[in-house]
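**Q** Sharing a structure below in structure tokens format, with a few things to ask.
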Amino acid sequence: MNASELLANTLSPDAHTRQDAEQKLESAARENYPAYVLMLSTEIVNESSAPHVRNAAGLALKNALSARESARQLDYTNRWLALDNDTRSKVKQDALMALGSNQGKVGTVAAQVVAAVAAVELPQGQWGEVIEILLGFVNNQTNTNLRIATLQAIGFICETIKPEILAVRSNEILTAVIHGARKEEPSPEVQLAAIHALLNSLEFVRDNFDREGERNYIMQVVCEATQNPSVPVQVGSFECLVRIMTLYYEKMGFYMERALFGLTVMGMKHSEESIALQAIEFWSTVCEIETELAWEAQEATEYNEVPEQESKFFAKIALPEIVPVLLQLLTRQEEDADEDEWNVSMAAGTCLGLLAQAVTDTIVPAVIPFIEANIRAQDWHQREAAVMAFGSIMEGPDPKVLTPLVNQALPILIDMMNDTNLQVKDTVAWTLGRICDLLVATILPDVHLHPLVSALVNGLNDNPRIVANCCWALMNLSDQLGFQESDDPSSAQTTALSPYVEGIVQALLRTTETASNEGNYRTAAYEAITSFVTHSALDTIPVVQSTAVVILNRMEQLIGMQNQIVGVDDRNNWNDLQSNFCGVIISVVRKLGNGIQPLADRIMTLVLQLIQAAAKTSTILEDAFLVVGALAAALDQGFSPYVQAFLPFLFPALKAHEDTQLCTVAVGVIGDISRALGEQSAQFSNAFMSVLLENLQSDVLNRNVKISILSCFGDIAMAIGTSFEPYLNTTMGVLRQAGAVQPNPLDIDLVEYVGMLREGILDAYQGVVAAFKNTDKVSLLLPHVPSILELVQRCLADSERTESASKTCIGLIGDLADSFPDGQIKQYLLAEWVASELRSKSRMSPETKRTLRWAREMVKRATA
């Protein structure tokens with residue numbers, strides 16, 4: 001079979017033909033990569049080939065160069081860079097030639113190939129001339145197809161490559177892109193490609209935005225494009241305005257006043273939905289930025305600091321203009337709207353909610369007249385819009401301002417749960433859920449609670465969408481009115497919700513007796529049950545116990561039906577249910593604590609059966625392992641009879657290096673078991689440490705799992721105390737090596753990773769020091785004190801450190817001083833940086849302050 005036939009078959013509607021062709025291409029790529037890429041590039045540039053074949057060649061070539069997973073991308077990059085120069089040059093030349101094709105979408109696919117090669121080579125300092133070549137193509141006024149595809153290629157390159165790599169060419173790129181986006185450009189297709197390229201290049205043209213003249217010209221071109229006759233160009237230009245506002249908010253005052261207020265309000269009113277959606281998104285973005293700035297300003301005031309950036313209050317200024325438009329758009333609902341399909345009325349509701357957070361109390365008088373005028377309207381559109389408006393402003397204004405309004409509205413809303421229109425009832429249930437979540441103090445137990453609970457429980461028999469919202473409202477009610485962990489245990493005998501708990505939970509259990517999960521309502525019901533279990537007071541513990549028995553019965557029954565699963569849908573349904581069961585059981589175990597003992601045998605038996613029946617479905621294994629972890633934490637040493645039966649399932653999960661989530665959960669379970677069994681876990685520590693150290697050597701295992709492993713060393717050490725001695729030097733060597741990793745300050749991902757890595761190492765050090773402190777083997781720590789304090793110093797010098805990292809660092813200084821009170825590490829503790837940190841007056845939580853005071857005392861004692 002020749003290349004054209006093979007590529008054509010990858011697009012075949014017949015699954016067998018398609019898979020066969022894809023496998024043959026993969027084999028060709030593995031067996032002879034240079035010949036494979038040359039074959040594809042020859043095909044993409046072949047004008048006598050059918051367009052769909054050329055497209056297939058281009059996509060195959062792009063997929064041979066770019067991957068979503070970082071590890072695979074690294075392999076693809078190295079594979080490409082290992083090719084000889086002639087092969088690479090030929091592929092690049094062919095891709096550039098294909099940009100000018102006038103056949104179908106060949107130019108667009110060629111643009112993707114050019115961008116994929118650029119994404120590999122430019123960061124390596126190679127193919128620097130590509131931007132110059134592309135800019136030359138953009139100026140070729142004789143070939144419109146070439147200009148469109150080239151602008152697309154520039155856009156794709158800007159989207160995939162880090163801004164700093166392209167910053168040196170930003171002027172030329174911007175000039176070419178803006179030239180194509182001007183209103184004088186005769187081709188709307190060129191304008192659209194230019195607008196999309198501009199959208200992707202906005203990040204690295206910061207220097208141009210700093211220069212007023214250039215900024216004015218960019219803004220002029222984008223604003224003019226919002227009035228373009230072409231709808232896609234208008235949509236793209238509003239997308240640009242959203243991105244510009246996100247990146248350059250502080251420079252937008254002049255443009256908001258002169259043009260953007262008017263343009264965006266007109267855009268929101270546009271009859272073309274795609275344009276209106278982007279114009280609404282513009283104001284949603286403004287509101288999000290200004291809410292964040294208000295929060296930063298408040299925090300700065302608390303610490304007598306000046307905020308880095310001040311709000312320009314665009315939302316507050318525009319309020320009289322945009323609120324009437326948003327309220328009008330709320331009434332543009334569609335009778336049979338798909339819940340997953342974003343439309344103008346949904347966007348308007350979201351924007352109104354964000355506006356309420358940005359302008360706080362000011363929103364209330366602007367919206368209330370609309371609600372009052374429409375809440376009892378004949379037309380369901382008006383009623384639903386009024387309820388949506390009310391629900392949307394629940395967060396932002398001062399609760400004191402909203403309380404009298406909610407008190408007045410609650411009886412009306414509860415009554416509206418019987419509305420004749422489905423969408424109205426759905427929005428009412430959502431609004432009640434918002435009130436339960438954000439303003440639960442407005443729900444007066446003697447006045448509102450009974451009718452509210454009755455309405456929500458009745459709603460559980462309604463349409464799936466309404467059921468899901470009623471479940472969510474009941475869950476919020478439980479979260480807010482139920483027993484809280486912070487409550488005084490002596491007063492936790494009962495709560496305002498206690499008389500209703502049994503009836504609600506039984507109604508929720510009935511709701512879950514269904515084969516379908518339309519609109520996710522069954523899952524929502526299980527989540528609500530979990531909340532009622534979690535927040536149960538002492539007088540509703542019998543409900544928790546009976547719920548556990550019901551769930552275990554269902555779990556048993558479902559495991560027994562394992563052999564009846566036939567299709568993918570059945571398997572997914574089975575998995576969803578088992579996941580829900582595990583969620584409820586975890587909350588039961590945590591609530592009952594050691595009181596779960598009578599059910600422990602049954603739970604472990606079912607969990608082990610579930611693990612075997614899960615058919616390697618990692619999400620189910622994760623849930624099952626989390627049940628085991630919760631049970632270990634609840635039973636403490638009473639968990640020991642189950643360990644031997646569980647370990648044969650734990651170790652394979654720890655060795656599933658490609659399954660990041662499962663591996664992380666499995667590492668966490670080792671910590672849970674070690675903490676539960678304490679010194680008894682020493683019999684398993686050799687196996688645990690061996691597999692964990694082996695995992696650290698893996699090239700496949702996700703680096704974040706390795707952080708969990710380092711923390712787990714601390715859990716094991718703390719559990720087994722001085723029995724950790726055989727692993728001490730190896731562990732401390734690993735921790736010292738990991739602590740030496742330094743991030744590249746330009747690589748934000750790496751900076752974040754190193755921060756988390758250091759926290760994991762600190763946790764491990766804390767556990768190891770605790771294991772030997774106050775024992776006759778404490779001297780074993782002495783050789784490791786310098787490396788521990790070296791990391792502590794490095795972490796405390798990091799301006800981006802978290803509060804928990806600061807607390808752990810200060811705690812470690814105190815622990816080490818407490819471990820050697822006789823002056824053995826005096827020279828380290830007298831270092832200037834230690835004294836400086838212990839004198840620190842920087843902002844910190846009360847808990848960290850207590851740790852600081854304690855550490856200060858320990859150091860004073862150890863250096864006296």
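FYI, nothing fancy with the structure tokens labels: chains A, B, ... in order, residues from 1 per chain, ligands from 1 as they appear.
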I'd like the neighbourhood of Thr291 of chain A as a list in words, where a residue qualifies if any of its atoms comes within 10 Å (using only C-alpha atoms), though same-chain residues fewer than 5 positions away should be ignored.
**A**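 Close residues of Thr291 of chain A: Thr285, Val286, Glu296, Ala297, Ser311, Phe313, Ala315, Leu354, Leu355, Ala356, Gln357, Ala358, Val359, Thr360 and Gly396 of chain A.
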**Q** List the spatial neighbours of segment 180-195 of chain A as a list in words - criterion: any atom at most 8 Å away, only C-alpha atoms, same-chain residues fewer than 2 positions off excluded.
**A**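 Residues near the query, excluding close chain neighbours: Thr144, Arg147, Ile148, Ala149, Leu151, Gln152, Gly155, Ala176, Val177, Ile178, Ala197, Leu198, Leu199, Val221, Val222, Glu224, Ala225, Asn228, Ser230, Pro232, Val233, Gly236, Ser237 and Cys240 of chain A.
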**Q** Skipping near chain neighbours, those fewer than 6 positions away, what residues fall within 12 Å of Thr420 of chain A using only C-alpha atoms, listed as a list in words?
**A** Gln378, Asp379, Trp380, Arg383, Glu384, Asp426 and Asp462 of chain A
**Q** Residues within 12 Å of Val588 of chain A, please, as a PDB file with N, CA and C atoms, in the first residue's frame. Count only C-alpha atoms; anything in the same chain fewer than 5 positions from it doesn't count.
**A**
ATOM      1  N   ILE A 529     -25.758  13.106  50.881  1.00  0.00           N
ATOM      2  CA  ILE A 529     -25.769  12.114  51.971  1.00  0.00           C
ATOM      3  C   ILE A 529     -24.443  12.197  52.740  1.00  0.00           C
ATOM      4  N   THR A 530     -23.351  12.280  51.993  1.00  0.00           N
ATOM      5  CA  THR A 530     -22.020  12.380  52.612  1.00  0.00           C
ATOM      6  C   THR A 530     -21.945  13.590  53.540  1.00  0.00           C
ATOM      7  N   SER A 531     -22.507  14.708  53.091  1.00  0.00           N
ATOM      8  CA  SER A 531     -22.491  15.923  53.919  1.00  0.00           C
ATOM      9  C   SER A 531     -23.297  15.729  55.207  1.00  0.00           C
ATOM     10  N   PHE A 532     -24.479  15.113  55.100  1.00  0.00           N
ATOM     11  CA  PHE A 532     -25.295  14.909  56.301  1.00  0.00           C
ATOM     12  C   PHE A 532     -24.607  13.969  57.288  1.00  0.00           C
ATOM     13  N   VAL A 533     -23.882  12.985  56.757  1.00  0.00           N
ATOM     14  CA  VAL A 533     -23.112  12.088  57.635  1.00  0.00           C
ATOM     15  C   VAL A 533     -22.003  12.886  58.337  1.00  0.00           C
ATOM     16  N   THR A 534     -21.265  13.656  57.546  1.00  0.00           N
ATOM     17  CA  THR A 534     -20.128  14.421  58.071  1.00  0.00           C
ATOM     18  C   THR A 534     -20.559  15.391  59.168  1.00  0.00           C
ATOM     19  N   HIS A 535     -21.710  16.032  58.984  1.00  0.00           N
ATOM     20  CA  HIS A 535     -22.138  17.098  59.905  1.00  0.00           C
ATOM     21  C   HIS A 535     -23.190  16.638  60.919  1.00  0.00           C
ATOM     22  N   SER A 536     -23.288  15.329  61.115  1.00  0.00           N
ATOM     23  CA  SER A 536     -24.272  14.817  62.081  1.00  0.00           C
ATOM     24  C   SER A 536     -23.873  15.154  63.514  1.00  0.00           C
ATOM     25  N   ILE A 541     -26.504  10.266  65.221  1.00  0.00           N
ATOM     26  CA  ILE A 541     -25.541   9.182  64.956  1.00  0.00           C
ATOM     27  C   ILE A 541     -26.246   7.891  64.519  1.00  0.00           C
ATOM     28  N   PRO A 542     -27.412   7.534  65.090  1.00  0.00           N
ATOM     29  CA  PRO A 542     -28.104   6.328  64.591  1.00  0.00           C
ATOM     30  C   PRO A 542     -28.409   6.396  63.087  1.00  0.00           C
ATOM     31  N   VAL A 543     -28.671   7.603  62.574  1.00  0.00           N
ATOM     32  CA  VAL A 543     -28.919   7.755  61.131  1.00  0.00           C
ATOM     33  C   VAL A 543     -27.640   7.420  60.358  1.00  0.00           C
ATOM     34  N   VAL A 544     -26.492   7.863  60.884  1.00  0.00           N
ATOM     35  CA  VAL A 544     -25.204   7.557  60.252  1.00  0.00           C
ATOM     36  C   VAL A 544     -24.989   6.048  60.203  1.00  0.00           C
ATOM     37  N   GLN A 545     -25.255   5.387  61.319  1.00  0.00           N
ATOM     38  CA  GLN A 545     -25.049   3.931  61.392  1.00  0.00           C
ATOM     39  C   GLN A 545     -25.966   3.186  60.421  1.00  0.00           C
ATOM     40  N   SER A 546     -27.231   3.583  60.382  1.00  0.00           N
ATOM     41  CA  SER A 546     -28.168   2.880  59.483  1.00  0.00           C
ATOM     42  C   SER A 546     -27.827   3.165  58.020  1.00  0.00           C
ATOM     43  N   THR A 547     -27.344   4.390  57.740  1.00  0.00           N
ATOM     44  CA  THR A 547     -26.931   4.738  56.371  1.00  0.00           C
ATOM     45  C   THR A 547     -25.759   3.849  55.948  1.00  0.00           C
ATOM     46  N   ALA A 548     -24.816   3.657  56.862  1.00  0.00           N
ATOM     47  CA  ALA A 548     -23.659   2.803  56.554  1.00  0.00           C
ATOM     48  C   ALA A 548     -24.111   1.405  56.161  1.00  0.00           C
ATOM     49  N   VAL A 549     -25.067   0.860  56.893  1.00  0.00           N
ATOM     50  CA  VAL A 549     -25.543  -0.507  56.613  1.00  0.00           C
ATOM     51  C   VAL A 549     -26.206  -0.556  55.232  1.00  0.00           C
ATOM     52  N   VAL A 550     -27.024   0.461  54.904  1.00  0.00           N
ATOM     53  CA  VAL A 550     -27.688   0.506  53.590  1.00  0.00           C
ATOM     54  C   VAL A 550     -26.629   0.525  52.473  1.00  0.00           C
ATOM     55  N   ILE A 551     -25.631   1.378  52.646  1.00  0.00           N
ATOM     56  CA  ILE A 551     -24.604   1.521  51.602  1.00  0.00           C
ATOM     57  C   ILE A 551     -23.791   0.236  51.463  1.00  0.00           C
ATOM     58  N   LEU A 552     -23.441  -0.382  52.592  1.00  0.00           N
ATOM     59  CA  LEU A 552     -22.680  -1.644  52.516  1.00  0.00           C
ATOM     60  C   LEU A 552     -23.505  -2.737  51.841  1.00  0.00           C
ATOM     61  N   PHE A 581     -20.398   5.001  46.694  1.00  0.00           N
ATOM     62  CA  PHE A 581     -20.452   4.206  47.927  1.00  0.00           C
ATOM     63  C   PHE A 581     -19.201   4.477  48.785  1.00  0.00           C
ATOM     64  N   CYS A 582     -18.053   4.457  48.136  1.00  0.00           N
ATOM     65  CA  CYS A 582     -16.790   4.681  48.870  1.00  0.00           C
ATOM     66  C   CYS A 582     -16.796   6.058  49.535  1.00  0.00           C
ATOM     67  N   GLY A 583     -17.303   7.062  48.816  1.00  0.00           N
ATOM     68  CA  GLY A 583     -17.359   8.417  49.375  1.00  0.00           C
ATOM     69  C   GLY A 583     -18.185   8.463  50.657  1.00  0.00           C
ATOM     70  N   GLY A 593     -15.340   7.320  63.881  1.00  0.00           N
ATOM     71  CA  GLY A 593     -14.042   7.074  64.511  1.00  0.00           C
ATOM     72  C   GLY A 593     -13.923   5.626  64.947  1.00  0.00           C
ATOM     73  N   ASN A 594     -13.458   5.428  66.166  1.00  0.00           N
ATOM     74  CA  ASN A 594     -13.281   4.061  66.675  1.00  0.00           C
ATOM     75  C   ASN A 594     -14.610   3.306  66.774  1.00  0.00           C
ATOM     76  N   GLY A 595     -15.724   4.055  66.753  1.00  0.00           N
ATOM     77  CA  GLY A 595     -17.048   3.432  66.806  1.00  0.00           C
ATOM     78  C   GLY A 595     -17.395   2.647  65.553  1.00  0.00           C
ATOM     79  N   ILE A 596     -16.529   2.704  64.533  1.00  0.00           N
ATOM     80  CA  ILE A 596     -16.773   1.942  63.296  1.00  0.00           C
ATOM     81  C   ILE A 596     -16.377   0.475  63.485  1.00  0.00           C
ATOM     82  N   GLN A 597     -15.717   0.166  64.619  1.00  0.00           N
ATOM     83  CA  GLN A 597     -15.186  -1.179  64.859  1.00  0.00           C
ATOM     84  C   GLN A 597     -16.166  -2.314  64.530  1.00  0.00           C
ATOM     85  N   LEU A 599     -18.337  -2.598  62.333  1.00  0.00           N
ATOM     86  CA  LEU A 599     -18.518  -2.760  60.883  1.00  0.00           C
ATOM     87  C   LEU A 599     -17.192  -2.944  60.141  1.00  0.00           C
ATOM     88  N   ALA A 600     -16.080  -2.879  60.884  1.00  0.00           N
ATOM     89  CA  ALA A 600     -14.760  -2.852  60.230  1.00  0.00           C
ATOM     90  C   ALA A 600     -14.495  -4.096  59.388  1.00  0.00           C
ATOM     91  N   ILE A 603     -16.484  -3.917  56.203  1.00  0.00           N
ATOM     92  CA  ILE A 603     -15.965  -2.886  55.286  1.00  0.00           C
ATOM     93  C   ILE A 603     -14.698  -3.381  54.590  1.00  0.00           C
ATOM     94  N   VAL A 627     -10.726   4.542  51.388  1.00  0.00           N
ATOM     95  CA  VAL A 627     -11.521   3.917  52.465  1.00  0.00           C
ATOM     96  C   VAL A 627     -10.571   3.241  53.451  1.00  0.00           C
ATOM     97  N   ALA A 630      -8.823   5.814  55.600  1.00  0.00           N
ATOM     98  CA  ALA A 630      -9.738   6.370  56.618  1.00  0.00           C
ATOM     99  C   ALA A 630      -9.943   5.369  57.749  1.00  0.00           C
ATOM    100  N   LEU A 631     -10.094   4.072  57.391  1.00  0.00           N
ATOM    101  CA  LEU A 631     -10.323   3.029  58.404  1.00  0.00           C
ATOM    102  C   LEU A 631      -9.092   2.884  59.311  1.00  0.00           C
ATOM    103  N   ALA A 634      -9.061   5.676  61.751  1.00  0.00           N
ATOM    104  CA  ALA A 634     -10.117   5.559  62.770  1.00  0.00           C
ATOM    105  C   ALA A 634      -9.784   4.485  63.809  1.00  0.00           C
TER     106      ALA A 634
END
**Q** Can you tell me which residues surround Ile504 of chain A at a distance of at most 10 Å, considering only C-alpha atoms, apart from same-chain residues fewer than 5 positions away, and format the answer as JSON, numbers by chain?
**A** {"A": [453, 454, 456, 457, 471, 474, 497, 499, 509, 510, 528, 529, 532]}
**Q** Contacts of Met266 of chain A at 9 Å or less, counting only C-alpha atoms, minus same-chain residues fewer than 5 places along, as an mmCIF file with C-alpha atoms, in the first residue's frame?
**A**
data_model
loop_
_atom_site.group_PDB
_atom_site.id
_atom_site.type_symbol
_atom_site.label_atom_id
_atom_site.label_comp_id
_atom_site.auth_asym_id
_atom_site.auth_seq_id
_atom_site.Cartn_x
_atom_site.Cartn_y
_atom_site.Cartn_z
ATOM 1 C CA PHE A 261 -17.535 51.365 27.430
ATOM 2 C CA ALA A 276 -22.670 39.255 22.516
ATOM 3 C CA ALA A 279 -18.697 41.379 24.935
#
**Q** Please return, as a PyMOL selection string, all residues of segment 38-178 of chain A that DSSP assigns to alpha helix (DSSP H) on the basis of the backbone.
**A** chain A and resi 38-44+51-63+70-81+85-98+106-121+130-138+144-160+163-166+170-178
**Q** Show which residues sit within 10 Å of Val705 of chain A, as a ChimeraX atom specification. Count only C-alpha atoms, and ignore same-chain residues fewer than 4 positions away.
**A** /A:657,659-668,695-696,701,709-710
**Q** Could you check the closest approach to Glu302 of chain A for each of A:Arg736, A:Arg843, A:Arg571, A:Lys105 and tell me which residue wins, using only C-alpha atoms?
**A**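 Among the listed residues, A:Arg843 lies closest to Glu302 of chain A.
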**Q** Which residue gives the smallest distance to Glu513 of chain A among A:Leu538, A:Leu277, A:Arg554, A:Leu693, with only C-alpha atoms counted?
**A**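 When distances to Glu513 of chain A are compared using only C-alpha atoms, the smallest one comes from A:Arg554.
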